[in-house]
Every structure is written in structure tokens, then in C-alpha cells.
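Asks: This is the structure, below, for whatever I ask next.
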Amino acid sequence: MHIVTSEEMRRIDRYAIDHIGMPAMVLMENAGRAVSEEVISFLEGRPGRIAILTGKGNNGGDGIVAGRHLSEAGYQVHLIYAESPDRFQGEAALQSQIAHKWGLPHYIYSEQERINWELYDAVVDALLGTGSRGAPRGVYAKLIEEVNRSGRPVISIDIPSGLDADTGQIHTPCIRADRTVALAFTKRGLEQYPGVRQAGTVIVRSIGIPQGIADRMNVNTYLIQEPLLSAKLALNEYRHRQSDTHKGTFGHVLVAAGSRAMAGAGLLSAKAALRSGAGLVSWALPMSMVEPLLGHLPEVMLQGVADEQHGDWRAADPKELIAMAQKKNAMLFGPGTGRFAQDDRFVRRIWEETACPLVIDADGLNMIAAAADFDSWSRRKSPVVLTPHPGEMARLCGRSVPEVQQDRISCARNYAVQYHVTLVLKGARTVVATPDGTVYVNPTGNAGMATGGSGDVLAGLISGLLAQGYTAAQASALGVYLHGAAGDRAVQRRCHSASLIAGDIVENL
Ligand SMILES: NC(=O)C1=CN([C@@H]2O[C@H](COP(=O)(O)OP(=O)(O)OC[C@H]3O[C@@H](n4cnc5c(N)ncnc54)[C@H](O)[C@@H]3O)[C@@H](O)[C@H]2O)[C@H](O)CC1
Ligand SMILES: [K+]
């Protein structure tokens with residue numbers, strides 16, 4: 001499913017009206033009717049009284065139409081205008097005239113007369129939609145504050161009023177909705193935090209605009225869902241293995257990870273690589289660690305690198321890893337390796353002198369961030385996947401964590417395009433950005449996954465998928481989706497997200 005910005009939605013809307021010939025009033029009628037159906041389903045068919053908070057733009061127009069349909073369905077509806085309908089624009093003005101002749105009760109909000117919110121079983125937020133700019137002003141702000149204090153259930157039309165539709169940042173004030181009915185397409189702001197929380201359950205309803213227009217308008221941001229994985233990412237084949245196969249068919253992964261202080265990072269990523277379906281996994285780690293780890297993960301092959309008995313990577317020669325990477329189908333570098341002197345040169349040699357697809361995570365990312373000459377590293381022929389959390393991303397792009405989080409989609413996309421990598425920006429609603437600027441947002445996963453080792457599992461999983469021949473985009477999008485789904489399944493089994501540990505994610509892959 002496509003995810004749009006307000007500007008993309010405006011262009012799609014214009015195209016539907018000007019080129020396809022869908023009258024704007026028809027789109028608004030469809031929108032309002034869809035909203036009324038969602039309100040009825042929210043109230044589970046119980047009769048009730050409904051306040052529709054109506055702004056002067058098209059979002060308000062949608063609200064008026066919803067009010068008409070709800071009234072027709074037997075609900076008691078009050079239109080509460082944020083400002084006089086004389087000031088309403090375009091279709092919203094027409095809708096208010098129709099509603100008045102139709103006999104829909106309405107009044108204009110005034111700060112002097114307090115609304116008795118107790119009267120209402122639900123409130124429809126039709127104040128501001130994708131045409132909203134900046135923080136809600138004047139009466140709009142007052143109404144939003146009042147509704148949020150009222151404790152009444154709220155259904156927002158298109159976006160919660162006060163939400164930045166493009167980034168998911170929230171202005172003060174911003175409606176806290178129980179449900180949001182997104183029209184035609186979901187919006188970026190509904191799919192990124194804190195907007196996700198503010199929107200409640202998001203339901204996307206068609207309003208008669210063909211989905212294909214989004215491609216025509218070059219919308220290249222998607223929500224990862226099963227149909228997208230099978231169609232757009234062509235992963236139909238994933239679940240089918242021919243019966244006459246052998247382990248050589250599914251690739252050989254080299255996991256370079258772990259050290260004395262962080263052996264678990266290597267264990268988790270190697271195990272996840274195995275669980276991804278890769279045929280063979282070799283795990284490179286400091287030589288003195290090999291002996292104690294023998295038997296801990298019998299399915300992987302252990303390969304020691306020089307460590308002068310330190311149990312870390314400072315004495316390792318990149319040549320050792322480069323030799324091991326030959327004939328491998330993918331390589332993961334970084335989880336639990338720690339940092340060491342001149343490690344930026346170490347990772348540069350891995351980057352430039354290995355031929356297989358490469359995943360870099362954790363310490364490996366900090367090594368890149370520390371490399372003053374990163375811009376001059378030669379471009380790899382096979383793909384690179386970087387898997388930073390927001391802190392690592394901030395170091396990679398030389399910004400602060402709040403700056404990264406402010407607009408995660410743009411941040412990930414810009415970096416992926418500039419450095420020609422596939423970038424997986426982790427955190428709730430992980431963002432996958434590819435070198436051509438396509439972005440995939442992942443809806444699976446839960447707060448329990450904010451636990452040590454969770455990222456090591458993801459990195460191992462993506463490297464294992466790459467080894468099986470998936471492209472970087474496929475492996476990353478499928479990897480984050482499965483990782484989150486495994487975490488969700490683990491929480492169901494454990495009954496509470498707080499108890500989730502990274503090992504549970506691997507076990508549920
Ligand atoms: N998806 C579609 O194809 C359709 C969507 N519809 C709905 O239309 C809105 C967008 O409508 P638009 O008229 O462009 O903007 P708004 O309704 O969001 O209102 C903007 C209105 O409010 C004023 N304003 C802007 N910012 C602020 C602010 N911060 N505080 C106070 N007032 C503000 C501004 O002057 C504008 O006049 C979309 O979300 C859908 O709900 C169509 O109905 C059907 C087709
Ligand atoms: K709204």
C-alpha cells in the first residue's frame with residue numbers, strides 16, 4: 001500500500017478531478033459516507049449522539065457529509081462549526097448549504113458557551129486535514145484542547161487535527177483519536193511516531209480514486225504488508241522450497257561478530273541467519289573465543305581470527321576476513337565486535353575488498369561514522385545494507401537524534417540515495433530506504449523488542465536472506481517484517497511485552 005505526503009495527495013486529488021473527471025463533490029460524498037460507516041462500526045451499531053467538529057476546508061466538508069449519512073442512519077447529529085459557514089471554501093461551503101436545507105442541526109462554536117461534551121457518544125474530528133499548516137490556531141486550537149479534555153471517543157477524518165501529515169510530528173494541540181479514517185491513501189504522519197499513537201487505529205477507505213494514480217504520480221513510499229511483499233517485492237516464491245534441493249541452494253553466510261564482552265551478539269546474529277533459511281552459516285570471531293563457544297550453536301561453523309588471547313578484534317587482520325568472505329553469498333559485520341584502533345580502515349577494507357552482499361550493523365556502523373574519508377570509499381558492485389538505530393543514524397549523518405527522529409523517512413531516504421546503500425533505520429515503524437529512493441515502512445513489532453540483542457537478530461536475518469539470493473530491498477523489507485512478526489508472536493505467547501528477550505524473537509522466526 002502506498003503512503004503519501006499531503007503534497008502527493010493534493011496532486012493525486014487534482015489528477016482524479018481534472019484528468020479522470022471525478023467531480024470533487026463525488027469524492028467528498030464518498031469520503032463522508034465512508035466515514036459515517038466507520039463511525040457506525042465504531043459504535044457497534046448502538047444508537048447515539050454525535051458531534052461533528054467542522055473546519056472550513058474540505059476536511060470539514062467530509063465531516064458534513066458524514067453527518068448527513070449518520071443522521072439518515074438514525075443518529076442524533078450536531079454540526080459544530082469552528083467558524084461561520086459563510087467563510088467556508090469550495091465544496092465545504094456547498095456541503096454546508098446542502099446540510100442546512102436538509103435540516104441538519106448546527107451551531108457555531110463560541111468560546112463563551114461551553115460545549116456539554118457529556119451529551120455525545122462520539123466526536124468526529126473534521127477540523128483540519130492535509131491542508132493544515134503549522135500548529136492549529138485560534139478556535140481550532142481551543143476546540144482541540146476541549147475535546148482532548150472531554151474524554152469522549154474521537155474519530156478523526158483523514159488525520160488527527162494538529163498532526164503533521166508528512167512527518168508524524170505533533171503540534172500543540174493535536175487531537176488524540178481512537179480511530180482515524182484515512183481517505184484514499186494512508187499518510188506518512190499516520191505511519192510514523194508520535195503520529196501513530198495520536199491516530200489510534202487507522203482505517204484506509206477508498207473514495208473512488210484509482211490506486212494506480214499513485215504510481216503515475218511517482219509515489220515511492222510503501223507500507224509493508226503481505227500483498228506488497230508478494231506483488232511489489234515479488235516474494236511469492238519465498239515460502240516455496242522445491243523438494244529436490246540441498247543446502248548449497250540456500251547460500252552461505254559469513255557472520256563476523258562478537259567478542260569476549262559481547263559473545264551473545266554473535267550467537268544471536270548467527271542463529272538468526274540460520275533461522276532465515278540460509279543453507280550454511282560460518283561465524284568469524286576472535287580465536288580465543290572459539291573454544292569456549294564450541295557446542296553452543298552446533299549448526300554454525302566457527303572460524304577464529306587472530307586475537308593474541310585478548311578475545312577482541314584489535315589484533316585481527318582484515319585480510320583474514322576478506323579471505324573467509326570469498327565464495328560466501330553474504331556477509332554480516334559489526335554486532336558485538338567492539339571498537340579498536342584504526343577500525344575505520346579495517347571496515348573500509350572489508351567494504352572495498354569483499355565481493356558478496358554486505359550487512360553492516362552496530363559497531364561496524366560507528367566505524368563508518370568515524371571514517372573521515374567515507375565519501376571517497378569506492379562504490380561496491382554488490383549491495384550494502386546498513387542497519388542503524390537512531391543513535392547510530394545520527395552519528396552516520398552528523399545530526400542529533402531528535403533531528404533524525406523528526407522526519408525518519410526523509411532522513412533514511414536521503415542517506416540511502418546519497419551513499420547508494422540500502423538503509424534500515426530501526427525503531428518503532430522501521431524505515432527501509434533503497435538507493436533508488438524507494439522507502440518501505442514496517443508496521444510489525446512491539447515495544448517489547450526494545451531489548452538488547454534484538455538488532456543482532458535483525459542483522460543476522462537480513463544477511464541470511466541476502467545469502468539466499470534476495471535483493472537488498474527484498475531482504476531488508478522482508479527481514480524487518482518477519483523480525484517484527486516474530487516479536488509479536490513471542491509477546492502473544494509470553495502474554496506481556498516486558499518479558500520479551502531477543503532469544504524469543506529468534507525462536508519465533
Ligand atoms: N484525498 C482526497 O482526494 C480528498 C480529500 N478530501 C479532504 O480534504 C482534506 C484537505 O482539504 P483542504 O481544504 O485542502 O484543507 P483542510 O480541510 O485541511 O483545511 C485547511 C483550511 O484550514 C485553514 N488552516 C490551515 N492550517 C491551519 C491551522 N494551523 N490552524 C487553523 N486553520 C488552518 C486553511 O486556511 C484552510 O482553509 C483532506 O484531508 C480530506 O479530508 C476531500 O474531501 C475529498 C477528496
Ligand atoms: K481531521
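Please note that chains go A, B, ... in the order of the C-alpha cells, that every chain numbers its residues from 1, and that ligands are numbered from 1 in the order shown.
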Could you please write out, as a PyMOL selection string, every residue of region 139-310 of chain A that DSSP assigns to helix (DSSP H, G or I)?

Replies: chain A and resi 139-150+188-190+195-199+212-216+226-230+236-239+247-250+260-275+287-293

Asks: List all protein, DNA and RNA residues that have at least one atom no more than 7 Å from any atom of ligand 1, counting only C-alpha atoms and all ligand atoms, and write them as number ranges by chain.

Replies: A: 9-10, 12-13, 24, 27-28, 31, 55-62, 89, 127-138, 140, 157-159, 183-184

Asks: Go ahead and save the residues from that selection, with N, CA and C atoms, as a tab-separated table (two decimals), in the first residue's frame.

Replies:
chain	number	residue	atom	x	y	z
A	9	MET	N	-0.85	13.78	-2.11
A	9	MET	CA	-2.31	13.58	-2.08
A	9	MET	C	-3.00	14.67	-2.88
A	10	ARG	N	-2.47	15.89	-2.78
A	10	ARG	CA	-3.08	17.02	-3.49
A	10	ARG	C	-2.97	16.80	-5.01
A	12	ILE	N	-2.63	13.87	-6.54
A	12	ILE	CA	-3.47	12.73	-6.91
A	12	ILE	C	-4.93	13.19	-7.03
A	13	ASP	N	-5.33	13.97	-6.04
A	13	ASP	CA	-6.68	14.53	-5.99
A	13	ASP	C	-6.97	15.36	-7.25
A	24	ALA	N	-15.31	16.79	-7.70
A	24	ALA	CA	-14.84	16.91	-6.32
A	24	ALA	C	-15.95	16.58	-5.33
A	27	LEU	N	-16.14	12.85	-4.81
A	27	LEU	CA	-15.09	12.35	-3.91
A	27	LEU	C	-15.45	12.65	-2.46
A	28	MET	N	-15.95	13.87	-2.24
A	28	MET	CA	-16.31	14.26	-0.87
A	28	MET	C	-17.48	13.43	-0.35
A	31	ALA	N	-16.13	10.13	0.56
A	31	ALA	CA	-15.33	10.24	1.79
A	31	ALA	C	-16.26	10.29	3.00
A	55	GLY	N	-14.31	22.09	10.33
A	55	GLY	CA	-13.45	23.19	9.90
A	55	GLY	C	-13.91	23.71	8.55
A	56	LYS	N	-13.25	24.78	8.09
A	56	LYS	CA	-13.76	25.45	6.89
A	56	LYS	C	-13.24	24.86	5.57
A	57	GLY	N	-12.30	23.92	5.65
A	57	GLY	CA	-11.75	23.34	4.41
A	57	GLY	C	-12.48	22.07	4.01
A	58	ASN	N	-11.87	21.31	3.11
A	58	ASN	CA	-12.51	20.08	2.63
A	58	ASN	C	-12.64	19.02	3.71
A	59	ASN	N	-11.75	19.04	4.69
A	59	ASN	CA	-11.87	18.09	5.79
A	59	ASN	C	-13.21	18.31	6.50
A	60	GLY	N	-13.55	19.58	6.69
A	60	GLY	CA	-14.85	19.91	7.27
A	60	GLY	C	-15.99	19.47	6.37
A	61	GLY	N	-15.78	19.63	5.04
A	61	GLY	CA	-16.80	19.20	4.08
A	61	GLY	C	-17.07	17.71	4.21
A	62	ASP	N	-16.01	16.92	4.36
A	62	ASP	CA	-16.18	15.47	4.55
A	62	ASP	C	-17.01	15.21	5.80
A	89	GLN	N	-15.00	27.25	2.35
A	89	GLN	CA	-14.48	27.37	0.99
A	89	GLN	C	-15.03	26.24	0.11
A	127	LEU	N	-11.85	18.92	11.67
A	127	LEU	CA	-11.39	20.32	11.77
A	127	LEU	C	-10.33	20.63	10.72
A	128	LEU	N	-9.26	19.85	10.73
A	128	LEU	CA	-8.15	20.13	9.81
A	128	LEU	C	-7.69	18.82	9.18
A	129	GLY	N	-7.40	18.87	7.89
A	129	GLY	CA	-6.90	17.68	7.20
A	129	GLY	C	-5.53	17.97	6.62
A	130	THR	N	-5.32	17.49	5.41
A	130	THR	CA	-3.99	17.61	4.81
A	130	THR	C	-3.68	19.03	4.35
A	131	GLY	N	-4.66	19.91	4.42
A	131	GLY	CA	-4.38	21.31	4.05
A	131	GLY	C	-3.91	22.13	5.24
A	132	SER	N	-3.80	21.50	6.38
A	132	SER	CA	-3.41	22.21	7.60
A	132	SER	C	-1.93	22.56	7.57
A	133	ARG	N	-1.60	23.74	8.04
A	133	ARG	CA	-0.20	24.17	8.08
A	133	ARG	C	0.15	24.66	9.48
A	134	GLY	N	1.18	24.09	10.06
A	134	GLY	CA	1.66	24.54	11.38
A	134	GLY	C	0.69	24.16	12.48
A	135	ALA	N	0.92	24.74	13.65
A	135	ALA	CA	0.08	24.41	14.81
A	135	ALA	C	-1.32	24.99	14.61
A	136	PRO	N	-2.35	24.26	15.03
A	136	PRO	CA	-3.72	24.78	14.93
A	136	PRO	C	-3.82	26.13	15.65
A	137	ARG	N	-4.52	27.05	15.01
A	137	ARG	CA	-4.61	28.41	15.55
A	137	ARG	C	-6.04	28.70	16.02
A	138	GLY	N	-6.13	29.72	16.88
A	138	GLY	CA	-7.42	30.30	17.26
A	138	GLY	C	-8.41	29.28	17.77
A	140	TYR	N	-9.63	26.76	16.41
A	140	TYR	CA	-9.28	25.36	16.12
A	140	TYR	C	-8.51	24.78	17.30
A	157	ILE	N	-11.09	12.43	10.83
A	157	ILE	CA	-11.17	12.25	9.38
A	157	ILE	C	-9.81	12.58	8.76
A	158	ASP	N	-9.26	11.62	8.07
A	158	ASP	CA	-8.00	11.70	7.32
A	158	ASP	C	-6.76	11.76	8.20
A	159	ILE	N	-6.65	12.77	9.06
A	159	ILE	CA	-5.57	12.81	10.05
A	159	ILE	C	-6.13	13.45	11.33
A	183	LEU	N	-8.32	8.81	4.01
A	183	LEU	CA	-9.06	8.80	2.75
A	183	LEU	C	-8.15	8.51	1.57
A	184	ALA	N	-8.50	7.52	0.82
A	184	ALA	CA	-7.81	7.09	-0.41
A	184	ALA	C	-6.46	6.42	-0.13

Asks: Could you give me, as a ChimeraX atom specification, the residues within 7 Å of region 173-179 of chain A, counting only C-alpha atoms and dropping anything in the same chain fewer than 3 positions from it?

Replies: /A:136,141,144-145,148,153-156,160-163,170,198-202

Asks: Neighbours of Arg152 (chain A) within 9 Å (only C-alpha atoms; same-chain residues fewer than 3 positions away dropped), as a PyMOL selection string?

Replies: chain A and resi 117-118+120-123+147-149

Asks: Grab the CA of Phe250 (chain A) to CA of Val432 (chain A) distance for me, in Å with one decimal place.

Replies: 23.7 Å

Asks: Looking at only C-alpha atoms and all ligand atoms, which of A:Leu79, A:Ala182, A:Ala306, A:Ala256 is the one that sits closest to ligand 2?

Replies: A:Ala182

Asks: Residues within 6 Å of Ser276 (chain A), please, as a list in words. Count only C-alpha atoms; anything in the same chain fewer than 3 positions from it doesn't count.

Replies: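 Everything that qualifies: Ala273, Leu461 and Gly464 of chain A.
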
Asks: From the list A:Val124, A:Gly21, A:Glu352, A:Ser84, which residue is nearest ligand 2 when using only C-alpha atoms and all ligand atoms?

Replies: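 With only C-alpha atoms and all ligand atoms as the atom set, the closest residue is A:Val124.
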
Asks: Give me, please, the distance in Å between CA of Phe88 (chain A) and CA of Ile64 (chain A), quoted to one decimal.

Replies: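 Interatomic distance, CA of Phe88 (chain A) to CA of Ile64 (chain A): 11.8 Å.
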